[in-house]
>>> print(open('start.csv').read())   # CSV, C-alpha atoms
chain,number,residue,atom,x,y,z
S,17,ALA,CA,-24.0,37.1,1.7
S,18,GLN,CA,-24.9,33.5,0.7
S,19,ARG,CA,-27.5,32.9,-2.1
S,20,VAL,CA,-29.1,30.0,-3.8
S,21,THR,CA,-30.5,30.3,-7.3
S,22,GLN,CA,-32.8,27.9,-9.1
S,23,PRO,CA,-33.3,29.5,-12.5
S,24,GLU,CA,-36.3,27.4,-13.5
S,25,LYS,CA,-39.6,27.8,-11.7
S,26,LEU,CA,-41.2,25.1,-13.8
S,27,LEU,CA,-39.7,22.1,-15.6
S,28,SER,CA,-41.9,19.9,-17.6
S,29,VAL,CA,-40.6,16.6,-19.1
S,30,PHE,CA,-42.1,13.4,-20.4
S,31,LYS,CA,-42.0,10.1,-18.6
S,32,GLY,CA,-38.7,8.3,-19.3
S,33,ALA,CA,-36.8,11.4,-20.3
S,34,PRO,CA,-33.8,12.7,-18.5
S,35,VAL,CA,-34.3,15.5,-16.0
S,36,GLU,CA,-31.9,18.0,-14.6
S,37,LEU,CA,-32.9,20.6,-12.0
S,38,LYS,CA,-30.4,23.4,-11.8
S,39,CYS,CA,-29.0,24.9,-8.7
S,40,ASN,CA,-26.3,27.5,-8.4
S,41,TYR,CA,-25.0,29.0,-5.2
S,42,SER,CA,-22.8,31.9,-4.0
S,43,TYR,CA,-20.9,31.5,-0.7
S,44,SER,CA,-17.4,32.3,0.1
S,45,GLY,CA,-16.9,29.4,2.5
S,46,SER,CA,-17.2,25.7,2.2
S,47,PRO,CA,-20.9,24.9,1.9
S,48,GLU,CA,-23.0,21.9,2.5
S,49,LEU,CA,-25.7,21.5,-0.2
S,50,PHE,CA,-29.0,19.7,0.0
S,51,TRP,CA,-32.0,19.0,-2.1
S,52,TYR,CA,-35.4,19.0,-0.4
S,53,VAL,CA,-38.6,17.8,-2.1
S,54,GLN,CA,-42.3,18.4,-1.5
S,55,TYR,CA,-44.7,16.0,-3.1
S,56,SER,CA,-48.4,16.9,-3.4
S,57,ARG,CA,-50.1,16.9,0.0
S,58,GLN,CA,-46.9,15.8,1.8
S,59,ARG,CA,-44.4,17.6,3.9
S,60,LEU,CA,-41.2,19.2,2.7
S,61,GLN,CA,-38.5,16.5,3.3
S,62,LEU,CA,-34.9,16.0,2.7
S,63,LEU,CA,-34.1,14.2,-0.6
S,64,LEU,CA,-30.3,14.1,-0.5
S,65,ARG,CA,-27.1,15.8,0.6
S,66,HIS,CA,-23.9,16.3,-1.3
S,67,ILE,CA,-21.7,14.8,1.4
S,68,SER,CA,-23.4,11.4,1.3
S,69,ARG,CA,-22.9,11.1,-2.4
S,70,GLU,CA,-25.8,8.7,-2.6
S,71,SER,CA,-28.6,8.1,-5.1
S,72,ILE,CA,-32.1,8.5,-3.7
S,73,LYS,CA,-35.1,7.5,-5.8
S,74,GLY,CA,-32.7,7.5,-8.8
S,75,PHE,CA,-31.7,11.1,-8.2
S,76,THR,CA,-28.1,12.1,-7.9
S,77,ALA,CA,-26.4,15.5,-7.4
S,78,ASP,CA,-22.8,16.4,-7.7
S,79,LEU,CA,-21.3,19.5,-6.0
S,80,ASN,CA,-19.2,21.4,-8.6
S,81,LYS,CA,-17.2,24.0,-6.6
S,82,GLY,CA,-15.7,25.4,-9.8
S,83,GLU,CA,-19.1,26.2,-11.2
S,84,THR,CA,-20.7,26.7,-7.8
S,85,SER,CA,-23.5,24.3,-8.8
S,86,PHE,CA,-25.4,21.4,-7.4
S,87,HIS,CA,-27.7,20.2,-10.1
S,88,LEU,CA,-30.1,17.4,-9.4
S,89,LYS,CA,-30.3,14.7,-12.1
S,90,LYS,CA,-32.2,11.6,-12.9
S,91,PRO,CA,-31.7,9.6,-16.2
S,92,PHE,CA,-35.3,8.5,-16.6
S,93,ALA,CA,-38.1,10.6,-15.0
S,94,GLN,CA,-41.2,8.9,-13.5
S,95,GLU,CA,-44.6,10.4,-13.0
S,96,GLU,CA,-44.2,10.1,-9.3
S,97,ASP,CA,-41.2,12.4,-9.4
S,98,SER,CA,-43.6,15.3,-10.0
S,99,ALA,CA,-43.1,17.6,-7.1
S,100,MET,CA,-41.6,20.9,-5.9
S,101,TYR,CA,-37.8,20.7,-5.4
S,102,TYR,CA,-35.8,23.1,-3.3
S,103,CYS,CA,-32.0,23.4,-3.3
S,104,ALA,CA,-30.6,24.5,0.1
S,105,LEU,CA,-27.2,25.6,1.4
S,106,LYS,CA,-25.8,25.3,4.9
S,107,MET,CA,-23.0,27.6,5.9
S,108,ASN,CA,-20.1,26.9,8.2
S,109,ASN,CA,-20.8,28.0,11.8
S,110,ALA,CA,-24.4,28.9,11.2
S,111,GLY,CA,-26.0,26.3,13.4
S,112,ASN,CA,-28.6,24.4,11.4
S,113,MET,CA,-29.8,27.3,9.4
S,114,LEU,CA,-30.4,26.6,5.7
S,115,THR,CA,-30.7,29.1,2.8
S,116,PHE,CA,-33.2,27.8,0.2
S,117,GLY,CA,-33.5,28.6,-3.4
S,118,GLY,CA,-36.7,29.7,-5.0
S,119,GLY,CA,-37.8,26.2,-5.9
S,120,THR,CA,-38.5,24.4,-9.2
S,121,ARG,CA,-41.7,22.6,-9.9
S,122,LEU,CA,-41.1,19.4,-11.8
S,123,MET,CA,-44.0,18.0,-13.9
S,124,VAL,CA,-43.5,14.6,-15.5
S,125,LYS,CA,-46.1,14.0,-18.2
S,126,PRO,CA,-47.2,10.5,-19.1
V,13,ASP,CA,-44.2,10.5,16.6
V,14,ALA,CA,-46.5,13.0,14.9
V,15,GLY,CA,-43.6,15.1,13.8
V,16,VAL,CA,-43.8,18.9,13.8
V,17,ILE,CA,-47.3,20.0,14.5
V,18,GLN,CA,-48.8,23.3,13.2
V,19,SER,CA,-52.1,24.9,13.8
V,20,PRO,CA,-54.3,26.1,12.3
V,21,ARG,CA,-53.8,24.3,8.9
V,22,HIS,CA,-55.8,27.0,7.2
V,23,GLU,CA,-56.6,30.6,8.2
V,24,VAL,CA,-58.7,33.1,6.4
V,25,THR,CA,-58.8,36.6,7.9
V,26,GLU,CA,-59.6,40.2,7.0
V,27,MET,CA,-57.0,42.8,6.5
V,28,GLY,CA,-56.1,44.5,9.7
V,29,GLN,CA,-56.8,41.5,11.9
V,30,GLU,CA,-54.3,39.8,14.2
V,31,VAL,CA,-53.1,36.4,13.1
V,32,THR,CA,-51.3,33.9,15.3
V,33,LEU,CA,-49.8,30.7,14.0
V,34,ARG,CA,-48.6,27.9,16.3
V,35,CYS,CA,-46.0,25.3,16.1
V,36,LYS,CA,-45.0,22.3,18.3
V,37,PRO,CA,-41.5,21.0,17.3
V,38,ILE,CA,-40.4,17.4,17.6
V,39,SER,CA,-39.5,16.7,21.2
V,40,GLY,CA,-35.8,17.0,21.9
V,41,HIS,CA,-35.0,19.2,18.9
V,42,ASP,CA,-32.9,22.2,19.8
V,43,TYR,CA,-33.7,24.3,16.7
V,44,LEU,CA,-36.9,25.8,15.4
V,45,PHE,CA,-37.4,27.6,12.1
V,46,TRP,CA,-40.2,29.7,10.7
V,47,TYR,CA,-40.5,29.9,6.9
V,48,ARG,CA,-42.8,31.6,4.4
V,49,GLN,CA,-43.5,30.0,1.0
V,50,THR,CA,-44.9,32.0,-1.9
V,51,MET,CA,-44.9,31.4,-5.6
V,52,MET,CA,-42.8,34.5,-6.3
V,53,ARG,CA,-40.2,34.2,-3.6
V,54,GLY,CA,-40.1,30.5,-2.9
V,55,LEU,CA,-39.1,29.4,0.7
V,56,GLU,CA,-37.9,32.3,2.9
V,57,LEU,CA,-36.5,31.9,6.4
V,58,LEU,CA,-38.2,34.3,8.7
V,59,ILE,CA,-36.6,33.6,12.0
V,60,TYR,CA,-35.0,30.7,13.9
V,61,PHE,CA,-34.5,29.8,17.5
V,62,ASN,CA,-31.9,27.7,19.3
V,63,ASN,CA,-32.8,26.4,22.7
V,64,ASN,CA,-35.8,28.9,22.7
V,65,VAL,CA,-33.6,31.9,22.0
V,66,PRO,CA,-34.1,33.8,18.8
V,67,ILE,CA,-30.8,33.7,16.9
V,68,ASP,CA,-31.5,35.3,13.5
V,69,ASP,CA,-34.6,37.3,12.7
V,70,SER,CA,-33.2,39.2,9.8
V,71,GLY,CA,-35.8,37.5,7.5
V,72,MET,CA,-38.8,38.9,9.4
V,73,PRO,CA,-40.4,41.3,6.9
V,74,GLU,CA,-41.3,44.1,9.2
V,75,ASP,CA,-42.4,45.1,12.6
V,76,ARG,CA,-45.9,43.6,12.0
V,77,PHE,CA,-44.3,40.2,12.4
V,78,SER,CA,-43.2,38.8,15.7
V,79,ALA,CA,-42.2,35.3,16.9
V,80,LYS,CA,-41.9,33.8,20.4
V,81,MET,CA,-40.7,30.5,21.8
V,82,PRO,CA,-41.7,30.5,25.5
V,83,ASN,CA,-40.6,26.9,26.0
V,84,ALA,CA,-39.0,24.0,24.1
V,85,SER,CA,-42.3,22.6,22.9
V,86,PHE,CA,-44.2,25.7,21.6
V,87,SER,CA,-43.6,28.6,19.3
V,88,THR,CA,-45.9,31.3,17.8
V,89,LEU,CA,-45.6,33.6,14.8
V,90,LYS,CA,-47.9,36.6,15.0
V,91,ILE,CA,-48.8,39.1,12.4
V,92,GLN,CA,-50.5,42.3,13.6
V,93,PRO,CA,-52.0,43.9,11.6
V,94,SER,CA,-52.3,41.5,8.7
V,95,GLU,CA,-52.2,42.6,5.1
V,96,PRO,CA,-53.2,40.8,1.8
V,97,ARG,CA,-49.5,40.5,0.8
V,98,ASP,CA,-49.0,38.3,3.9
V,99,SER,CA,-51.0,35.6,2.2
V,100,ALA,CA,-48.7,32.6,1.9
V,101,VAL,CA,-48.0,29.2,3.4
V,102,TYR,CA,-46.1,29.4,6.6
V,103,PHE,CA,-43.9,26.4,7.6
V,104,CYS,CA,-42.4,25.6,10.9
V,105,ALA,CA,-39.4,23.2,11.0
V,106,SER,CA,-37.2,21.7,13.8
V,107,SER,CA,-33.8,20.2,13.9
V,108,PRO,CA,-32.2,18.1,16.6
V,109,ARG,CA,-28.8,19.5,17.3
V,110,PHE,CA,-25.8,21.6,16.1
V,111,SER,CA,-24.4,20.3,12.8
V,112,SER,CA,-27.4,18.1,12.1
V,113,TYR,CA,-28.1,18.3,8.4
V,114,GLU,CA,-31.8,17.7,8.3
V,115,GLN,CA,-34.7,19.9,9.1
V,116,TYR,CA,-38.1,18.3,9.8
V,117,PHE,CA,-41.0,20.3,8.4
V,118,GLY,CA,-44.5,20.7,9.6
V,119,PRO,CA,-47.5,20.5,7.3
V,120,GLY,CA,-47.7,24.3,7.0
V,121,THR,CA,-50.4,26.9,7.6
V,122,ARG,CA,-52.1,28.4,4.6
V,123,LEU,CA,-52.9,32.0,5.4
V,124,THR,CA,-55.3,34.1,3.3
V,125,VAL,CA,-55.7,37.7,4.1
V,126,THR,CA,-58.6,39.4,2.3
>>> encode(input="start.csv", output="structure tokens")
Amino acid sequence: AQRVTQPEKLLSVFKGAPVELKCNYSYSGSPELFWYVQYSRQRLQLLLRHISRESIKGFTADLNKGETSFHLKKPFAQEEDSAMYYCALKMNNAGNMLTFGGGTRLMVKP
Amino acid sequence: DAGVIQSPRHEVTEMGQEVTLRCKPISGHDYLFWYRQTMMRGLELLIYFNNNVPIDDSGMPEDRFSAKMPNASFSTLKIQPSEPRDSAVYFCASSPRFSSYEQYFGPGTRLTVT
């Protein structure tokens, strides 16, 4: 069965420091990976997907099939990045169903 | 567009009572998902529908939970009887079509069972 693991429930960094939110997955097929974000008092929303290979709000994520990872990175964290981040996996032939990880709360301190 | 609408936004009830959560997906979306969010377990998929038909309910915790989608614009998640361990935030999300990569989430319902 597919599984998404985010090993850190809480990650605290200072403003301007690099940040990396870890995500590992297990799936025998070829997955699509996503990062969703929930800012305070806002809805959970898509941040980025691995297929697009784009940078959103300074964040990037590279799919590493060898290590089955999809870590989210940003070189210089900002206070407004503080939020709950979820990594998600979409399987082949599973409609639009997503499997989410447990989430990591990122706190960026001034 | 108001996006996915959920009601109520907050619900406080006593153990043993029936709880009904409601969701209105974005018009035209084919998929509807119910999730539960807790500190311990993160975001768990409970059930999802495609064109009003339940496709996968393997995430529904037990028989106390049931979900329906009588038409394309309305879904309910019911807990009967409720227990304190059901306390969580319940999210509804919708998605427009097969192979679409984005789910659109509602604001959630915070349920507290005392």
>>> residues_around(input="start.csv", residues="stretch 118-126 of chain V", least_positions_apart="2", cutoff="6 Å", atoms="only C-alpha atoms", output="list of chain:residue names")
S:Arg59, V:Val16, V:Ile17, V:Arg21, V:His22, V:Glu23, V:Val24, V:Thr25, V:Glu26, V:Met27, V:Pro96, V:Ser99, V:Ala100, V:Val101, V:Tyr102, V:Phe103, V:Cys104, V:Ala105
>>> interface_residues(input="start.csv", of="chain S", to="chain V", cutoff="10 Å", atoms="all atoms listed in the file", output="compact mmCIF listing (two decimals) with C-alpha atoms, in the frame of the given file")
# COMPACT_ATOMS: atom_id res chain seq x y z
CA GLN S 22 -32.80 27.90 -9.10
CA LYS S 25 -39.60 27.80 -11.70
CA GLU S 48 -23.00 21.90 2.50
CA LEU S 49 -25.70 21.50 -0.20
CA PHE S 50 -29.00 19.70 0.00
CA TYR S 52 -35.40 19.00 -0.40
CA ARG S 57 -50.10 16.90 0.00
CA GLN S 58 -46.90 15.80 1.80
CA ARG S 59 -44.40 17.60 3.90
CA LEU S 60 -41.20 19.20 2.70
CA GLN S 61 -38.50 16.50 3.30
CA LEU S 62 -34.90 16.00 2.70
CA LEU S 63 -34.10 14.20 -0.60
CA LEU S 64 -30.30 14.10 -0.50
CA ARG S 65 -27.10 15.80 0.60
CA TYR S 102 -35.80 23.10 -3.30
CA ALA S 104 -30.60 24.50 0.10
CA LYS S 106 -25.80 25.30 4.90
CA ASN S 108 -20.10 26.90 8.20
CA ASN S 109 -20.80 28.00 11.80
CA ALA S 110 -24.40 28.90 11.20
CA GLY S 111 -26.00 26.30 13.40
CA ASN S 112 -28.60 24.40 11.40
CA MET S 113 -29.80 27.30 9.40
CA LEU S 114 -30.40 26.60 5.70
CA THR S 115 -30.70 29.10 2.80
CA PHE S 116 -33.20 27.80 0.20
CA GLY S 117 -33.50 28.60 -3.40
CA GLY S 118 -36.70 29.70 -5.00
CA GLY S 119 -37.80 26.20 -5.90
CA THR S 120 -38.50 24.40 -9.20
>>> closest_residue(input="start.csv", among="S:Ser56, S:Asn40, S:Ser68, S:Gln18", to="S:Leu122", atoms="only C-alpha atoms")
S:Ser56
>>> residues_near_point(input="start.csv", point="(-26.8, 23.3, -5.1)", cutoff="6 Å", atoms="all atoms listed in the file", output="list of chain:residue names")
S:Cys39, S:Asn40, S:Tyr41, S:Leu49, S:Ser85, S:Phe86, S:His87, S:Cys103
>>> closest_residue(input="start.csv", among="V:Gly15, V:Val65, V:Arg76, V:Ser39", to="V:Glu95", atoms="only C-alpha atoms")
V:Arg76
>>> atom_distance(input="start.csv", atom1="atom CA of V:Ile38", atom2="atom CA of V:Ala14")
8.0 Å
>>> atom_distance(input="start.csv", atom1="atom CA of S:Ala17", atom2="atom CA of V:Leu89")
25.5 Å
>>> atom_distance(input="start.csv", atom1="atom CA of V:Met81", atom2="atom CA of V:Val31")
16.3 Å
>>> decode(input="start.csv", residues="stretch 93-104 of chain V", atoms="all heavy atoms", output="mmCIF file, in the first residue's frame")
data_model
loop_
_atom_site.group_PDB
_atom_site.id
_atom_site.type_symbol
_atom_site.label_atom_id
_atom_site.label_comp_id
_atom_site.auth_asym_id
_atom_site.auth_seq_id
_atom_site.Cartn_x
_atom_site.Cartn_y
_atom_site.Cartn_z
ATOM 1 N N PRO V 93 -23.301 6.911 17.151
ATOM 2 C CA PRO V 93 -23.199 8.006 18.111
ATOM 3 C C PRO V 93 -21.783 8.582 18.144
ATOM 4 O O PRO V 93 -20.815 7.892 17.863
ATOM 5 C CB PRO V 93 -23.507 7.304 19.433
ATOM 6 C CG PRO V 93 -22.975 5.915 19.227
ATOM 7 C CD PRO V 93 -23.186 5.601 17.767
ATOM 8 N N SER V 94 -21.674 9.828 18.488
ATOM 9 C CA SER V 94 -20.361 10.476 18.535
ATOM 10 C C SER V 94 -19.627 10.107 19.830
ATOM 11 O O SER V 94 -20.251 9.798 20.855
ATOM 12 C CB SER V 94 -20.506 11.992 18.428
ATOM 13 O OG SER V 94 -21.323 12.492 19.456
ATOM 14 N N GLU V 95 -18.295 10.134 19.759
ATOM 15 C CA GLU V 95 -17.441 9.846 20.906
ATOM 16 C C GLU V 95 -16.370 10.932 21.003
ATOM 17 O O GLU V 95 -16.037 11.560 19.981
ATOM 18 C CB GLU V 95 -16.778 8.467 20.743
ATOM 19 C CG GLU V 95 -17.766 7.311 20.705
ATOM 20 C CD GLU V 95 -17.091 5.958 20.598
ATOM 21 O OE1 GLU V 95 -15.843 5.927 20.576
ATOM 22 O OE2 GLU V 95 -17.816 4.937 20.543
ATOM 23 N N PRO V 96 -15.804 11.124 22.197
ATOM 24 C CA PRO V 96 -14.769 12.169 22.347
ATOM 25 C C PRO V 96 -13.605 12.009 21.380
ATOM 26 O O PRO V 96 -13.035 13.003 20.925
ATOM 27 C CB PRO V 96 -14.333 11.996 23.808
ATOM 28 C CG PRO V 96 -15.557 11.475 24.498
ATOM 29 C CD PRO V 96 -16.216 10.561 23.490
ATOM 30 N N ARG V 97 -13.235 10.783 21.031
ATOM 31 C CA ARG V 97 -12.110 10.575 20.120
ATOM 32 C C ARG V 97 -12.421 11.002 18.684
ATOM 33 O O ARG V 97 -11.524 11.000 17.828
ATOM 34 C CB ARG V 97 -11.668 9.116 20.116
ATOM 35 C CG ARG V 97 -12.747 8.126 19.723
ATOM 36 C CD ARG V 97 -12.290 6.689 19.983
ATOM 37 N NE ARG V 97 -13.387 5.746 19.862
ATOM 38 C CZ ARG V 97 -13.353 4.698 19.068
ATOM 39 N NH1 ARG V 97 -12.294 4.456 18.312
ATOM 40 N NH2 ARG V 97 -14.371 3.856 19.002
ATOM 41 N N ASP V 98 -13.658 11.346 18.410
ATOM 42 C CA ASP V 98 -14.017 11.866 17.091
ATOM 43 C C ASP V 98 -13.700 13.356 16.956
ATOM 44 O O ASP V 98 -13.807 13.917 15.858
ATOM 45 C CB ASP V 98 -15.504 11.653 16.815
ATOM 46 C CG ASP V 98 -15.916 10.196 16.884
ATOM 47 O OD1 ASP V 98 -15.081 9.330 16.572
ATOM 48 O OD2 ASP V 98 -17.073 9.927 17.274
ATOM 49 N N SER V 99 -13.324 13.966 18.056
ATOM 50 C CA SER V 99 -12.995 15.394 18.019
ATOM 51 C C SER V 99 -11.837 15.636 17.056
ATOM 52 O O SER V 99 -10.772 15.022 17.173
ATOM 53 C CB SER V 99 -12.632 15.886 19.420
ATOM 54 O OG SER V 99 -13.730 15.753 20.301
ATOM 55 N N ALA V 100 -12.052 16.506 16.094
ATOM 56 C CA ALA V 100 -11.073 16.753 15.033
ATOM 57 C C ALA V 100 -11.615 17.870 14.147
ATOM 58 O O ALA V 100 -12.725 18.374 14.367
ATOM 59 C CB ALA V 100 -10.855 15.496 14.194
ATOM 60 N N VAL V 101 -10.817 18.234 13.152
ATOM 61 C CA VAL V 101 -11.316 19.116 12.102
ATOM 62 C C VAL V 101 -11.611 18.249 10.879
ATOM 63 O O VAL V 101 -10.749 17.471 10.446
ATOM 64 C CB VAL V 101 -10.301 20.213 11.747
ATOM 65 C CG1 VAL V 101 -10.880 21.109 10.643
ATOM 66 C CG2 VAL V 101 -9.954 21.048 12.967
ATOM 67 N N TYR V 102 -12.807 18.383 10.361
ATOM 68 C CA TYR V 102 -13.231 17.596 9.204
ATOM 69 C C TYR V 102 -13.272 18.506 7.980
ATOM 70 O O TYR V 102 -13.929 19.546 7.982
ATOM 71 C CB TYR V 102 -14.597 16.967 9.465
ATOM 72 C CG TYR V 102 -14.536 15.887 10.516
ATOM 73 C CD1 TYR V 102 -14.545 16.210 11.878
ATOM 74 C CD2 TYR V 102 -14.424 14.546 10.168
ATOM 75 C CE1 TYR V 102 -14.454 15.229 12.847
ATOM 76 C CE2 TYR V 102 -14.352 13.555 11.141
ATOM 77 C CZ TYR V 102 -14.359 13.904 12.470
ATOM 78 O OH TYR V 102 -14.260 12.922 13.427
ATOM 79 N N PHE V 103 -12.550 18.091 6.957
ATOM 80 C CA PHE V 103 -12.477 18.863 5.721
ATOM 81 C C PHE V 103 -13.207 18.142 4.602
ATOM 82 O O PHE V 103 -13.174 16.916 4.483
ATOM 83 C CB PHE V 103 -11.023 19.065 5.281
ATOM 84 C CG PHE V 103 -10.253 20.032 6.132
ATOM 85 C CD1 PHE V 103 -9.355 19.578 7.079
ATOM 86 C CD2 PHE V 103 -10.415 21.397 5.961
ATOM 87 C CE1 PHE V 103 -8.643 20.463 7.869
ATOM 88 C CE2 PHE V 103 -9.697 22.296 6.737
ATOM 89 C CZ PHE V 103 -8.811 21.821 7.694
ATOM 90 N N CYS V 104 -13.814 18.937 3.775
ATOM 91 C CA CYS V 104 -14.369 18.478 2.520
ATOM 92 C C CYS V 104 -13.555 19.121 1.395
ATOM 93 O O CYS V 104 -13.118 20.277 1.526
ATOM 94 C CB CYS V 104 -15.841 18.901 2.429
ATOM 95 S SG CYS V 104 -16.658 18.498 0.890
#
